[in-house]
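Student: Take a look at the following structure, please.
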Amino acid sequence: MHSTLSKPITILIADDDPDDRLMAKDALRQTLQTDRIFFVEDGEELMDYLYGRGRFSNGAAPKPDLILLDLNMPRKTGAEALREIRQDPELRMIPIVVLTTSKEDDDVYKSFDGGVNSFITKPVTYESLLSTMKILGKYWFEIVELPSVRAAS
């Protein structure tokens with residue numbers, strides 16, 4: 001697939017499973033042809049990344065164009081991080097897609113109630129993950145009109 005994206009995109013993946021992170025990275029690189037993929041392992045690291053704290057204080061954490069968020073993570077869950085992001089005027093416009101193993105109606109409801117933009121159950125095969133990432137990339141970066149990033153006043 002040849003990428004038709006006009007600008008480099010940055011994707012932040014929050015997931016505590018190293019195998020899931022590796023598969024998502026490979027699938028995104030193959031389908032979106034981007035190397036601007038960053039990872040955090042839990043909700044605390046996600047917030048540190050977004051606020052440029054801790055190991056992300058060196059300025060090497062570009063604002064993500066999309067966050068892929070697992071719900072079940074240690075220290076701070078995806079749902080807790082989602083709530084915090086949506087309460088911050090500087091962060092709340094970042095599109096967030098829950099990508100989790102859960103199929104529970106309650107998790108879907110709570111995610112949308114918390115302000116998630118989409119909810120996707122993790123595909124079980126690599127081929128279905130490739131297909132999902134291709135559709136996800138096309139939707140978020142070719143079809144959807146996203147708000148421009150505003151300079152801080």
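Every chain in the structure tokens has a letter given in the order shown (A, B, ...), and although residue numbers restart at 1 in each chain, ligands are simply numbered from 1 in the order shown.
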Counting only C-alpha atoms, what is within 8 Å of Glu80 in chain A, bar same-chain residues fewer than 4 positions away, as a list of chain:residue names?
Tutor: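 Here the qualifying residues turn out to be A:Gly43, A:Lys76, A:Glu84.
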Student: Take the residues from that selection and write them out as a JSON list (two decimals), in the first residue's frame, keeping N, CA and C atoms.
Tutor:
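Now in result15.json:
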```
[["chain", "number", "residue", "atom", "x", "y", "z"],
["A", 43, "GLY", "N", -1.43, 3.84, 31.91],
["A", 43, "GLY", "CA", -2.05, 5.16, 31.91],
["A", 43, "GLY", "C", -1.19, 6.25, 32.51],
["A", 76, "LYS", "N", -2.63, 3.05, 36.10],
["A", 76, "LYS", "CA", -3.78, 3.88, 35.74],
["A", 76, "LYS", "C", -4.40, 3.21, 34.52],
["A", 84, "GLU", "N", -9.07, 11.77, 32.21],
["A", 84, "GLU", "CA", -8.13, 12.86, 32.46],
["A", 84, "GLU", "C", -7.84, 13.65, 31.17]]
```
Student: If we count only C-alpha atoms, what is near Tyr51 in chain A at a cut-off of 12 Å, once residues fewer than 5 positions away on the same chain are taken out, given as a list in words?
Tutor: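 Here the answer would be Glu44, Glu45, Leu46, Phe56, Ser57, Asn58, Gly59, Ala60, Ala61, Pro62, Lys63, Pro64, Glu84, Ile85, Asp88, Glu90 and Leu91 of chain A.
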Student: Need the shell around Ser131 in chain A: protein/DNA/RNA residues with any atom at most 9 Å away, counting only C-alpha atoms. Skip same-chain ones fewer than 4 positions apart. Format as JSON, numbers by chain?
Tutor: {"A": [27, 31, 126, 127, 135, 136]}
Student: Write the residues of the selection above to a file with all heavy atoms, as a PDB file, in the first residue's frame.
Tutor:
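Full text of part25.pdb as output:
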```pdb
ATOM      1  N   ALA A  27       1.964  -3.712  12.060  1.00  0.00           N
ATOM      2  CA  ALA A  27       0.783  -3.501  11.218  1.00  0.00           C
ATOM      3  C   ALA A  27       0.653  -2.037  10.793  1.00  0.00           C
ATOM      4  O   ALA A  27       0.336  -1.748   9.632  1.00  0.00           O
ATOM      5  CB  ALA A  27      -0.476  -3.956  11.963  1.00  0.00           C
ATOM      6  N   THR A  31       0.810  -0.703   6.966  1.00  0.00           N
ATOM      7  CA  THR A  31      -0.388  -0.138   6.343  1.00  0.00           C
ATOM      8  C   THR A  31      -0.320   1.376   6.163  1.00  0.00           C
ATOM      9  O   THR A  31      -0.807   1.900   5.175  1.00  0.00           O
ATOM     10  CB  THR A  31      -1.656  -0.494   7.139  1.00  0.00           C
ATOM     11  OG1 THR A  31      -1.536  -0.014   8.473  1.00  0.00           O
ATOM     12  CG2 THR A  31      -1.876  -2.000   7.148  1.00  0.00           C
ATOM     13  N   TYR A 126      -3.032 -11.798  12.958  1.00  0.00           N
ATOM     14  CA  TYR A 126      -2.245 -10.701  12.405  1.00  0.00           C
ATOM     15  C   TYR A 126      -2.876 -10.164  11.120  1.00  0.00           C
ATOM     16  O   TYR A 126      -2.897  -8.959  10.898  1.00  0.00           O
ATOM     17  CB  TYR A 126      -0.799 -11.139  12.151  1.00  0.00           C
ATOM     18  CG  TYR A 126       0.070  -9.993  11.689  1.00  0.00           C
ATOM     19  CD1 TYR A 126       0.425  -8.975  12.570  1.00  0.00           C
ATOM     20  CD2 TYR A 126       0.500  -9.911  10.374  1.00  0.00           C
ATOM     21  CE1 TYR A 126       1.200  -7.899  12.153  1.00  0.00           C
ATOM     22  CE2 TYR A 126       1.288  -8.846   9.948  1.00  0.00           C
ATOM     23  CZ  TYR A 126       1.628  -7.849  10.840  1.00  0.00           C
ATOM     24  OH  TYR A 126       2.388  -6.785  10.424  1.00  0.00           O
ATOM     25  N   GLU A 127      -3.432 -11.047  10.307  1.00  0.00           N
ATOM     26  CA  GLU A 127      -4.068 -10.621   9.059  1.00  0.00           C
ATOM     27  C   GLU A 127      -5.258  -9.708   9.334  1.00  0.00           C
ATOM     28  O   GLU A 127      -5.446  -8.698   8.660  1.00  0.00           O
ATOM     29  CB  GLU A 127      -4.510 -11.840   8.229  1.00  0.00           C
ATOM     30  CG  GLU A 127      -3.365 -12.650   7.669  1.00  0.00           C
ATOM     31  CD  GLU A 127      -2.654 -13.517   8.722  1.00  0.00           C
ATOM     32  OE1 GLU A 127      -3.270 -13.877   9.753  1.00  0.00           O
ATOM     33  OE2 GLU A 127      -1.463 -13.812   8.514  1.00  0.00           O
ATOM     34  N   ILE A 135      -7.897   0.100   7.623  1.00  0.00           N
ATOM     35  CA  ILE A 135      -9.176   0.813   7.667  1.00  0.00           C
ATOM     36  C   ILE A 135      -9.095   1.985   8.642  1.00  0.00           C
ATOM     37  O   ILE A 135      -9.551   3.089   8.349  1.00  0.00           O
ATOM     38  CB  ILE A 135     -10.317  -0.149   8.044  1.00  0.00           C
ATOM     39  CG1 ILE A 135     -10.529  -1.169   6.922  1.00  0.00           C
ATOM     40  CG2 ILE A 135     -11.597   0.607   8.352  1.00  0.00           C
ATOM     41  CD1 ILE A 135     -11.390  -2.365   7.321  1.00  0.00           C
ATOM     42  N   LEU A 136      -8.500   1.744   9.800  1.00  0.00           N
ATOM     43  CA  LEU A 136      -8.344   2.786  10.810  1.00  0.00           C
ATOM     44  C   LEU A 136      -7.560   3.970  10.261  1.00  0.00           C
ATOM     45  O   LEU A 136      -7.959   5.129  10.410  1.00  0.00           O
ATOM     46  CB  LEU A 136      -7.632   2.188  12.030  1.00  0.00           C
ATOM     47  CG  LEU A 136      -7.557   3.025  13.280  1.00  0.00           C
ATOM     48  CD1 LEU A 136      -8.855   2.890  14.052  1.00  0.00           C
ATOM     49  CD2 LEU A 136      -6.400   2.553  14.147  1.00  0.00           C
TER      50      LEU A 136
END
```
Student: When you count only C-alpha atoms, which of these residues is closest to Ile9 in chain A: A:Ala24, A:Phe112, A:Gly137, A:Pro89?
Tutor: A:Gly137
Student: How would you write, as number ranges by chain, the set of residues in range 68-105 of chain A that DSSP gives as alpha helix (DSSP H)?
Tutor: A: 78-87, 105
Student: Between A:Val144, A:Leu99, A:Val116, A:Leu129, which has the minimum distance to Asn72 in chain A (counting only C-alpha atoms)?
Tutor: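 Distance minimum relative to Asn72 in chain A lands on A:Leu99.
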Student: When you count only C-alpha atoms, which of these residues is closest to Thr121 in chain A: A:Glu41, A:Asp35, A:Asp26, A:Asp70?
Tutor: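 Closest candidate: A:Asp70.
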Student: I'd like to know which residues of chain A are strand (DSSP E or B) (by DSSP, run on the backbone); could you write them as a list in words?
Tutor: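 Reading the DSSP output for chain A, strand (DSSP E or B) covers Ile11, Leu12, Ile13, Ala14, Ile37, Phe38, Phe39, Val40, Leu66, Ile67, Leu68, Leu69, Ile96, Val97, Val98, Leu99, Thr100, Ser118, Phe119, Ile120 and Thr121 of chain A.
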Student: Which residues, written as a ChimeraX atom specification, have at least one atom at most 10 Å from Ile11 in chain A, with only C-alpha atoms counted and residues fewer than 4 positions away on the same chain left out?
Tutor: /A:25,28,34-39,62-68
Student: What does the distance between CA of Asp16 in chain A and CA of Met73 in chain A come to in Å, to one decimal place?
Tutor: 5.8 Å
Student: Just how far from CA of Thr101 in chain A is CA of Thr132 in chain A, in Å to one decimal?
Tutor: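 Going from CA of Thr132 in chain A over to CA of Thr101 in chain A, I get 14.0 Å.
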